[in-house]
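*Asks:* Take a look at model_39.txt, compact mmCIF, C-alpha atoms and all ligand atoms:
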```txt
# COMPACT_ATOMS: atom_id res chain seq x y z
CA MET J 1 65.73 98.12 67.45
CA LEU J 2 67.66 101.15 68.73
CA ASN J 3 64.48 103.17 68.30
CA LYS J 4 62.88 101.11 71.04
CA TRP J 5 65.63 102.10 73.43
CA LEU J 6 65.53 105.75 72.40
CA ASN J 7 61.76 105.88 72.88
CA GLY J 8 61.77 103.85 76.08
CA LEU J 9 64.51 105.94 77.66
CA LYS J 10 63.22 109.25 76.33
CA LYS J 11 62.52 110.79 79.73
CA THR J 12 65.89 109.80 81.16
CA HIS J 13 67.59 110.95 77.97
CA GLU J 14 65.92 114.37 78.12
CA ASN J 15 66.79 114.68 81.79
CA ILE J 16 70.49 113.81 81.50
CA LEU J 17 71.53 114.68 77.96
CA GLY J 18 69.30 117.75 77.81
CA ARG J 19 71.06 119.22 80.83
CA LEU J 20 74.56 118.14 79.78
CA ASN J 21 74.07 119.90 76.44
CA ALA J 22 72.84 123.02 78.20
CA LEU J 23 75.91 122.91 80.43
CA VAL J 24 78.23 122.82 77.42
CA LYS J 25 76.37 125.69 75.78
CA PHE J 26 76.53 127.71 78.97
CA GLY J 27 80.30 127.30 79.34
CA PRO J 28 82.29 125.98 76.38
CA THR J 29 85.51 125.91 78.41
CA ILE J 30 86.09 123.84 81.52
CA SER J 31 85.96 125.65 84.86
CA GLU J 32 85.46 124.73 88.50
CA LEU J 33 81.82 125.76 88.08
CA PHE J 34 81.53 123.31 85.20
CA TYR J 35 82.50 120.44 87.52
CA GLU J 36 80.11 121.63 90.23
CA ASN J 37 77.26 121.75 87.75
CA LEU J 38 78.25 118.42 86.28
CA GLU J 39 78.10 116.74 89.68
CA GLU J 40 74.74 118.35 90.38
CA ILE J 41 73.35 117.03 87.08
CA LEU J 42 74.59 113.50 87.76
CA VAL J 43 73.27 113.43 91.32
CA THR J 44 69.86 114.73 90.27
CA SER J 45 69.79 112.20 87.42
CA ASP J 46 69.81 109.41 90.02
CA LEU J 47 73.41 108.28 89.62
CA GLY J 48 73.78 108.56 93.38
CA VAL J 49 76.16 110.80 95.32
CA LYS J 50 79.00 108.27 95.50
CA THR J 51 79.05 107.31 91.81
CA SER J 52 78.54 110.93 90.73
CA MET J 53 81.47 112.18 92.82
CA GLU J 54 83.71 109.39 91.59
CA LEU J 55 82.80 110.06 87.98
CA VAL J 56 83.51 113.78 88.28
CA GLU J 57 86.89 113.04 89.89
CA GLN J 58 87.74 110.66 87.05
CA VAL J 59 86.66 113.22 84.43
CA LYS J 60 88.97 115.78 86.11
CA GLU J 61 91.90 113.36 86.00
CA GLU J 62 91.33 112.46 82.36
CA VAL J 63 90.91 116.11 81.39
CA LYS J 64 94.31 116.85 82.95
CA LYS J 65 95.94 113.80 81.41
CA ARG J 66 94.61 114.54 77.92
CA LYS J 67 95.17 118.31 78.26
CA VAL J 68 91.59 119.05 77.27
CA ASN J 69 89.88 122.40 77.91
CA ASP J 70 86.75 122.08 75.84
CA SER J 71 83.72 121.15 77.98
CA LYS J 72 82.25 119.15 75.10
CA GLU J 73 85.35 116.96 75.27
CA ALA J 74 84.86 116.51 79.01
CA ILE J 75 81.32 115.23 78.35
CA ASN J 76 82.73 112.72 75.85
CA ILE J 77 85.12 111.54 78.56
CA LEU J 78 82.18 111.16 80.94
CA ARG J 79 80.42 109.07 78.34
CA GLU J 80 83.45 106.77 78.05
CA LEU J 81 83.63 106.42 81.83
CA ILE J 82 79.94 105.57 82.13
CA PHE J 83 80.33 103.06 79.33
CA ASP J 84 83.25 101.48 81.23
CA ILE J 85 80.85 100.86 84.12
CA VAL J 86 77.95 99.41 82.16
CA LYS J 87 80.05 97.32 79.80
CA MET J 88 81.05 95.14 82.80
CA ASN J 89 77.49 93.87 82.73
CA ASN J 90 77.00 90.34 81.44
CA GLN J 91 73.40 89.85 80.40
CA GLU J 92 73.74 86.26 79.23
CA LEU J 93 71.01 83.96 80.53
CA ASN J 94 71.85 80.84 82.49
CA ILE J 95 70.09 77.90 80.98
CA SER J 96 70.82 74.24 81.58
CA LYS J 97 72.03 72.32 78.56
CA GLU J 98 69.74 69.45 79.33
CA GLY J 99 66.45 69.12 81.14
CA LEU J 100 64.55 71.74 83.06
CA SER J 101 65.73 75.26 83.89
CA ILE J 102 63.99 77.15 86.66
CA TYR J 103 63.68 80.94 86.76
CA LEU J 104 62.40 82.46 89.99
CA PHE J 105 61.10 86.05 90.06
CA ILE J 106 61.17 88.03 93.27
CA GLY J 107 60.67 91.69 94.18
CA VAL J 108 58.40 94.13 95.97
CA ASN J 109 54.69 94.07 95.21
CA GLY J 110 53.78 96.14 92.15
CA VAL J 111 57.25 96.37 90.59
CA GLY J 112 56.13 94.33 87.58
CA LYS J 113 57.03 90.70 88.37
CA THR J 114 53.97 89.08 86.81
CA THR J 115 54.12 91.27 83.70
CA THR J 116 57.84 90.55 83.35
CA ILE J 117 57.25 86.80 83.58
CA ALA J 118 54.88 87.12 80.63
CA LYS J 119 57.49 89.12 78.70
CA VAL J 120 60.37 86.74 79.41
CA GLY J 121 58.15 83.71 78.75
CA ASN J 122 57.13 85.11 75.39
CA LEU J 123 60.75 85.87 74.50
CA LEU J 124 61.93 82.36 75.36
CA LYS J 125 59.01 80.80 73.51
CA LYS J 126 59.92 82.83 70.43
CA ARG J 127 63.42 81.38 70.70
CA GLY J 128 61.89 77.93 70.37
CA LEU J 129 61.94 76.90 74.03
CA LYS J 130 59.06 75.15 75.78
CA VAL J 131 58.00 77.33 78.69
CA MET J 132 55.59 77.07 81.60
CA PHE J 133 54.42 79.50 84.30
CA ALA J 134 53.89 78.76 88.00
CA ALA J 135 51.55 81.05 89.96
CA GLY J 136 53.65 81.11 93.11
CA ASP J 137 52.18 84.43 94.26
CA THR J 138 49.26 82.87 96.08
CA PHE J 139 48.93 85.88 98.33
CA ARG J 140 46.61 87.81 96.03
CA ALA J 141 43.87 86.25 93.89
CA GLY J 142 44.51 88.97 91.31
CA ALA J 143 48.05 87.75 90.74
CA ILE J 144 46.93 84.19 89.95
CA GLU J 145 44.23 85.41 87.56
CA GLN J 146 46.65 87.84 85.90
CA LEU J 147 49.18 85.09 85.19
CA LYS J 148 46.44 82.78 83.87
CA ILE J 149 45.31 85.47 81.43
CA TRP J 150 48.86 86.00 80.21
CA GLY J 151 49.21 82.23 79.81
CA GLU J 152 46.04 82.07 77.73
CA ASN J 153 47.09 84.97 75.53
CA LEU J 154 50.58 83.63 74.96
CA GLN J 155 49.53 79.98 74.87
CA ILE J 156 51.84 79.11 77.70
CA PRO J 157 50.61 76.56 80.28
CA VAL J 158 50.09 77.88 83.82
CA ILE J 159 50.18 75.79 87.00
CA ALA J 160 48.11 77.41 89.74
CA GLN J 161 46.20 76.64 92.91
CA LYS J 162 43.69 78.63 94.94
CA GLU J 163 44.45 81.96 96.56
CA GLY J 164 46.02 81.46 99.98
CA SER J 165 47.45 78.04 99.19
CA ASP J 166 51.06 77.24 100.04
CA PRO J 167 53.44 78.64 97.39
CA ALA J 168 55.78 75.70 98.00
CA ALA J 169 52.97 73.30 97.04
CA VAL J 170 52.30 75.19 93.79
CA ILE J 171 55.99 75.10 92.98
CA TYR J 172 56.16 71.39 93.76
CA ASP J 173 53.23 70.77 91.38
CA SER J 174 54.73 72.93 88.69
CA ILE J 175 58.12 71.18 88.73
CA GLU J 176 56.40 67.79 88.48
CA ALA J 177 54.25 69.01 85.59
CA ALA J 178 57.18 70.68 83.84
CA LYS J 179 59.25 67.50 83.99
CA ALA J 180 56.37 65.36 82.81
CA ARG J 181 55.78 67.63 79.82
CA GLY J 182 59.42 68.11 78.86
CA ILE J 183 59.40 71.84 79.57
CA ASP J 184 62.68 73.72 79.01
CA VAL J 185 62.10 76.72 81.28
CA LEU J 186 59.71 77.03 84.21
CA LEU J 187 59.09 80.65 85.26
CA ILE J 188 57.91 81.00 88.85
CA ASP J 189 56.02 84.03 90.14
CA THR J 190 56.31 84.84 93.86
CA ALA J 191 54.76 87.29 96.28
CA GLY J 192 58.28 88.22 97.48
CA ARG J 193 57.17 90.67 100.13
CA LEU J 194 60.09 92.59 101.53
CA HIS J 195 58.24 94.69 104.09
CA ASN J 196 58.39 91.63 106.26
CA LYS J 197 61.95 90.39 105.99
CA LYS J 198 61.43 87.34 108.13
CA ASN J 199 58.49 86.28 105.99
CA LEU J 200 60.47 86.72 102.81
CA MET J 201 63.38 84.70 104.09
CA GLU J 202 61.15 81.94 105.42
CA GLU J 203 59.28 81.78 102.13
CA MET J 204 62.49 81.77 100.11
CA LYS J 205 63.94 78.99 102.26
CA LYS J 206 60.84 76.90 101.73
CA ILE J 207 60.85 77.54 97.99
CA ASP J 208 64.55 76.76 97.80
CA LYS J 209 64.03 73.48 99.64
CA VAL J 210 61.23 72.36 97.31
CA ILE J 211 63.27 73.23 94.22
CA GLN J 212 66.38 71.47 95.54
CA ARG J 213 64.36 68.39 96.41
CA GLU J 214 62.35 68.22 93.20
CA ASP J 215 64.91 69.47 90.71
CA GLY J 216 68.11 68.47 92.51
CA LYS J 217 69.78 71.85 91.92
CA LYS J 218 69.47 75.57 92.46
CA PRO J 219 67.30 77.64 90.11
CA GLU J 220 69.22 78.63 86.96
CA GLU J 221 68.19 82.23 87.55
CA ILE J 222 66.80 84.15 90.49
CA PHE J 223 65.71 87.50 89.12
CA LEU J 224 65.20 90.49 91.33
CA VAL J 225 62.65 92.70 89.60
CA ILE J 226 63.13 96.42 90.27
CA ASP J 227 60.90 99.39 89.45
CA SER J 228 63.21 102.01 87.88
CA GLY J 229 60.85 104.77 88.94
CA THR J 230 62.00 104.32 92.52
CA GLY J 231 65.36 105.81 91.53
CA GLN J 232 67.96 105.88 94.28
CA ASN J 233 65.73 103.92 96.69
CA ALA J 234 66.02 100.96 94.35
CA LEU J 235 69.69 100.59 95.23
CA SER J 236 69.13 100.27 98.98
CA SER J 237 66.09 98.06 98.45
CA ALA J 238 68.10 95.77 96.14
CA GLU J 239 70.93 95.64 98.69
CA GLU J 240 68.42 94.45 101.31
CA PHE J 241 67.11 91.74 99.01
CA ILE J 242 70.61 90.53 98.14
CA LYS J 243 71.50 90.35 101.82
CA ASN J 244 68.47 88.14 102.43
CA VAL J 245 68.60 86.17 99.18
CA PRO J 246 72.29 85.88 98.29
CA ASP J 247 71.65 83.69 95.23
CA ILE J 248 70.05 86.48 93.20
CA SER J 249 71.64 86.03 89.76
CA GLY J 250 70.23 88.92 87.80
CA LEU J 251 68.31 92.16 87.95
CA ILE J 252 65.40 93.15 85.74
CA LEU J 253 64.60 96.85 85.56
CA THR J 254 60.98 97.65 84.76
CA LYS J 255 59.10 100.83 83.84
CA LEU J 256 62.12 102.62 82.38
CA ASP J 257 59.66 104.14 79.90
CA GLY J 258 57.77 105.98 82.60
CA THR J 259 60.67 107.59 84.43
CA ALA J 260 63.44 110.15 84.09
CA LYS J 261 65.36 108.19 86.72
CA GLY J 262 66.99 105.64 84.40
CA GLY J 263 70.37 106.96 85.53
CA MET J 264 69.94 104.70 88.57
CA THR J 265 71.00 101.80 86.37
CA ILE J 266 74.62 103.01 86.52
CA PRO J 267 75.23 102.88 90.31
CA LEU J 268 73.15 99.70 90.40
CA ILE J 269 75.56 97.92 88.05
CA LYS J 270 78.59 99.47 89.73
CA GLU J 271 77.65 98.81 93.35
CA LEU J 272 75.73 95.53 93.35
CA GLN J 273 77.94 93.33 91.19
CA VAL J 274 74.81 91.56 89.98
CA PRO J 275 74.18 91.91 86.25
CA VAL J 276 71.15 93.59 84.76
CA LYS J 277 69.74 90.91 82.47
CA PHE J 278 66.69 92.68 81.05
CA VAL J 279 65.12 96.09 80.91
CA CYS J 280 61.41 96.68 80.37
CA LEU J 281 60.47 99.69 78.30
CA GLY J 282 56.67 99.55 78.33
CA GLU J 283 53.57 97.61 79.36
CA SER J 284 53.10 95.42 76.31
CA VAL J 285 54.53 91.93 76.14
CA LYS J 286 57.10 92.97 73.54
CA ASP J 287 58.52 95.82 75.63
CA ILE J 288 61.48 93.91 76.97
CA GLU J 289 65.10 93.97 75.88
CA GLU J 290 68.22 92.17 76.90
CA PHE J 291 70.48 94.71 78.56
CA ILE J 292 72.94 95.68 75.84
CA PRO J 293 75.43 98.26 77.22
CA GLU J 294 75.92 100.06 73.87
CA LYS J 295 72.16 100.47 73.39
CA PHE J 296 71.64 101.64 76.92
CA ILE J 297 74.32 104.32 76.55
CA ALA J 298 72.89 105.45 73.22
CA GLY J 299 69.43 105.49 74.85
CA ILE J 300 70.42 107.82 77.68
CA LEU J 301 73.26 109.83 76.15
CA GLY J 302 72.25 109.78 72.50
CA GLU J 303 74.10 108.25 69.58
CA GLU J 304 77.70 109.28 69.20
N1 LIG R 401 54.97 101.47 81.82
C1 LIG R 401 55.30 100.26 82.28
N2 LIG R 401 54.46 99.62 83.11
C2 LIG R 401 54.81 98.39 83.56
C3 LIG R 401 56.05 97.79 83.18
N3 LIG R 401 56.12 96.59 83.79
C4 LIG R 401 54.98 96.45 84.51
N4 LIG R 401 54.18 97.53 84.38
C5 LIG R 401 52.87 97.78 85.03
O1 LIG R 401 53.04 97.79 86.45
C6 LIG R 401 51.88 97.30 87.09
C7 LIG R 401 52.23 96.22 88.11
O2 LIG R 401 52.74 95.09 87.43
P1 LIG R 401 52.66 93.60 87.99
O3 LIG R 401 53.30 92.74 87.00
O4 LIG R 401 51.28 93.26 88.40
O5 LIG R 401 53.58 93.73 89.31
P2 LIG R 401 53.87 92.63 90.45
O6 LIG R 401 52.99 92.98 91.60
O7 LIG R 401 55.31 92.81 90.81
O8 LIG R 401 53.58 91.29 89.88
C8 LIG R 401 50.96 96.81 85.98
O9 LIG R 401 49.99 97.78 85.74
C9 LIG R 401 51.89 96.66 84.78
O10 LIG R 401 51.22 96.83 83.56
C10 LIG R 401 56.93 98.53 82.29
O11 LIG R 401 58.03 98.11 81.93
N5 LIG R 401 56.49 99.75 81.88
MG MG R 402 52.33 89.87 90.55
```
Using structure tokens, write down the structure that the file contains.
*Replies:*
Amino acid sequence: MLNKWLNGLKKTHENILGRLNALVKFGPTISELFYENLEEILVTSDLGVKTSMELVEQVKEEVKKRKVNDSKEAINILRELIFDIVKMNNQELNISKEGLSIYLFIGVNGVGKTTTIAKVGNLLKKRGLKVMFAAGDTFRAGAIEQLKIWGENLQIPVIAQKEGSDPAAVIYDSIEAAKARGIDVLLIDTAGRLHNKKNLMEEMKKIDKVIQREDGKKPEEIFLVIDSGTGQNALSSAEEFIKNVPDISGLILTKLDGTAKGGMTIPLIKELQVPVKFVCLGESVKDIEEFIPEKFIAGILGEE
């Protein structure tokens, strides 16, 4: 299980831990240069300027307090401080005790929404839940087809209409069908285009209205799917989304396997106050993990 994390986060691990180890080798005792280099490593590992500076300041304080002068010790302190940030994350899924739960997936085109729906659907099905997909991204024919193929492979029913049809109508259909068939979790794909904010908000309002009317409550989860490869840009993009869709309940980070920028997870958790619920560590349907802080830390900073 930990192997999956180590493999999936290999590039980030090599980027951060590789350079931290080199730093310790280069100067076994703590100096001003050590802190400068440390900050540089954190910033260029996509922890963001703000979080990096704060972390270095905290390391300095702790080093003083604990009367440490070994740079290896300082790195251990850094590890504790990073763990303090990520352990605030609560990855538990919201699921209604009775009746239908609705999970809505939003995010920029190409980040991995449709693939992630397949992964989460498969995971929930394995846990014994009855799941269904709704092809709410009616903007591209490819997206509908892609979800149908996943549905066939995973033997999960898919509710879809033609390309260009109204997403709200597909969602309406899917809620009706899910209720009729006693489905536990309905996973809804969306086009979620951010490059046109007004469009996104209008679409979200419409979707929200249909769900409220048909299901009588808010979705149990609104997941913002984020491509980890976008590094620091992901933070500002996520902030935009949250401003426009304040009910976002969880983040899902995709493509961590393909990037050295996994450090972005840390400022994301710290700044957004929205938990990371899942991380995706590859393209196959099994490459998804609940975000477990201990495993994430071991994945990027190695096992203690
Ligand atoms: N390596 C890797 N590729 C991924 C991951 N998640 C999605 N992809 C790929 O990213 C591409 C876009 O995914 P898709 O689900 O169509 O994105 P959408 O437009 O947001 O629905 C596809 O080629 C996926 O196979 C992941 O965790 N790791
Ligand atoms: Mg899609």
*Asks:* May I ask which of the residues J:Lys130, J:Leu47, J:Gly18, J:Val225 is the closest one to Asn109 of chain J, counting all atoms listed in the file?
*Replies:* J:Val225
*Asks:* Between atom CA of Tyr35 of chain J and atom CA of Arg79 of chain J, what distance in Å does the model show, to one decimal?
*Replies:*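 Going from atom CA of Tyr35 of chain J over to atom CA of Arg79 of chain J covers 14.8 Å.
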*Asks:* To one decimal place in Å, what is the distance between atom CA of Lys217 of chain J and atom CA of Leu100 of chain J?
*Replies:*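 Atom-to-atom, atom CA of Lys217 of chain J to atom CA of Leu100 of chain J, that is 10.3 Å.
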*Asks:* Could you tell me which of J:Ile16, J:Leu9, J:Ala298, J:Leu93 comes closest to ligand LIG 401 (chain R) if we count all atoms listed in the file?
*Replies:*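 So, comparing all the options, the nearest one is J:Leu9.
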*Asks:* Excluding Ile288 of chain J and residues on its chain fewer than 6 positions from it, collect all residues at most 9 Å away from it, counting all atoms listed in the file, and give them as an MDAnalysis selection string.
*Replies:* chainID J and resid 116 119:120 123 254 278:282
*Asks:* Could you turn the residues from that selection into a file that holds C-alpha atoms, as a PDB file, in the frame of the given file?
*Replies:*
```pdb
ATOM      1  CA  THR J 116      57.840  90.550  83.350  1.00  0.00           C
ATOM      2  CA  LYS J 119      57.490  89.120  78.700  1.00  0.00           C
ATOM      3  CA  VAL J 120      60.370  86.740  79.410  1.00  0.00           C
ATOM      4  CA  LEU J 123      60.750  85.870  74.500  1.00  0.00           C
ATOM      5  CA  THR J 254      60.980  97.650  84.760  1.00  0.00           C
ATOM      6  CA  PHE J 278      66.690  92.680  81.050  1.00  0.00           C
ATOM      7  CA  VAL J 279      65.120  96.090  80.910  1.00  0.00           C
ATOM      8  CA  CYS J 280      61.410  96.680  80.370  1.00  0.00           C
ATOM      9  CA  LEU J 281      60.470  99.690  78.300  1.00  0.00           C
ATOM     10  CA  GLY J 282      56.670  99.550  78.330  1.00  0.00           C
TER      11      GLY J 282
END
```
*Asks:* Check which residues fall inside 9 Å of ligand LIG 401 (chain R) when counting only C-alpha atoms and all ligand atoms, and print them as a VMD selection string.
*Replies:* chain J and resid 8 105 to 118 137 142 to 143 146 to 147 189 to 192 225 to 228 253 to 259 279 to 284 287 to 288
*Asks:* For Met88 of chain J, which of J:Lys270, J:Arg181, J:Lys277, J:Lys126 is the closest residue, counting all atoms listed in the file?
*Replies:* J:Lys270
*Asks:* State, in Å with one decimal place, the distance from atom CA of Ile159 of chain J to atom CA of Glu202 of chain J.
*Replies:*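 Computing it gives 22.3 Å between the two atoms.
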*Asks:* When you count all atoms listed in the file, which of these residues is closest to ligand MG 402 (chain R): J:Met204, J:Leu251, J:Ala135, J:Ile175?
*Replies:*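 Selected residue with least distance to ligand MG 402 (chain R): J:Ala135.
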*Asks:* Return the single residue from J:Lys205, J:Arg140, J:Lys218, J:Arg213 that is closest to ligand MG 402 (chain R), with distances computed using only C-alpha atoms and all ligand atoms.
*Replies:*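 Closest candidate: J:Arg140.
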*Asks:* Determine the nearest neighbour of Arg19 of chain J from the options J:Trp5, J:Asp173, J:Gly48, J:Ile300, counting only C-alpha atoms.
*Replies:*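 With only C-alpha atoms as the atom set, the closest residue is J:Ile300.
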*Asks:* Neighbouring residues of Val131 of chain J were defined as those with any atom within 8 Å, considering only C-alpha atoms; residues of the same chain fewer than 3 positions away were excluded. Please report them as a PyMOL selection string.
*Replies:* chain J and resi 121+124-125+156-157+183-187
*Asks:* Please supply segment 218-231 of chain J, rebuilt with N, CA, C and O atoms, as a short mmCIF file (atom, residue, chain, number, x, y, z; two decimals), keeping the file's coordinate frame.
*Replies:*
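After the write, rebuild26.cif holds the following:
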```
data_model
loop_
_atom_site.label_atom_id
_atom_site.label_comp_id
_atom_site.auth_asym_id
_atom_site.auth_seq_id
_atom_site.Cartn_x
_atom_site.Cartn_y
_atom_site.Cartn_z
N LYS J 218 69.96 74.20 92.23
CA LYS J 218 69.47 75.57 92.46
C LYS J 218 68.78 76.06 91.20
O LYS J 218 69.07 75.58 90.10
N PRO J 219 67.88 77.06 91.32
CA PRO J 219 67.30 77.64 90.11
C PRO J 219 68.41 78.19 89.22
O PRO J 219 69.42 78.68 89.71
N GLU J 220 68.21 78.11 87.90
CA GLU J 220 69.22 78.63 86.96
C GLU J 220 69.31 80.15 87.08
O GLU J 220 70.38 80.72 86.88
N GLU J 221 68.18 80.78 87.35
CA GLU J 221 68.19 82.23 87.55
C GLU J 221 67.25 82.59 88.70
O GLU J 221 66.13 82.08 88.77
N ILE J 222 67.71 83.48 89.56
CA ILE J 222 66.80 84.15 90.49
C ILE J 222 66.86 85.63 90.13
O ILE J 222 67.89 86.29 90.29
N PHE J 223 65.76 86.11 89.57
CA PHE J 223 65.71 87.50 89.12
C PHE J 223 65.10 88.40 90.19
O PHE J 223 64.00 88.11 90.69
N LEU J 224 65.80 89.46 90.50
CA LEU J 224 65.20 90.49 91.33
C LEU J 224 64.63 91.55 90.39
O LEU J 224 65.36 92.16 89.61
N VAL J 225 63.31 91.74 90.47
CA VAL J 225 62.65 92.70 89.60
C VAL J 225 62.58 94.04 90.33
O VAL J 225 62.18 94.10 91.50
N ILE J 226 63.00 95.10 89.64
CA ILE J 226 63.13 96.42 90.27
C ILE J 226 62.39 97.47 89.44
O ILE J 226 62.54 97.52 88.23
N ASP J 227 61.60 98.30 90.12
CA ASP J 227 60.90 99.39 89.45
C ASP J 227 61.87 100.58 89.33
O ASP J 227 62.27 101.17 90.34
N SER J 228 62.24 100.93 88.09
CA SER J 228 63.21 102.01 87.88
C SER J 228 62.73 103.35 88.41
O SER J 228 63.54 104.21 88.74
N GLY J 229 61.43 103.50 88.47
CA GLY J 229 60.85 104.77 88.94
C GLY J 229 61.18 105.07 90.39
O GLY J 229 61.00 106.21 90.84
N THR J 230 61.66 104.07 91.13
CA THR J 230 62.00 104.32 92.52
C THR J 230 63.40 104.93 92.66
O THR J 230 63.83 105.25 93.76
N GLY J 231 64.09 105.09 91.54
CA GLY J 231 65.36 105.81 91.53
C GLY J 231 66.37 105.30 92.54
O GLY J 231 66.63 104.11 92.61
#
```
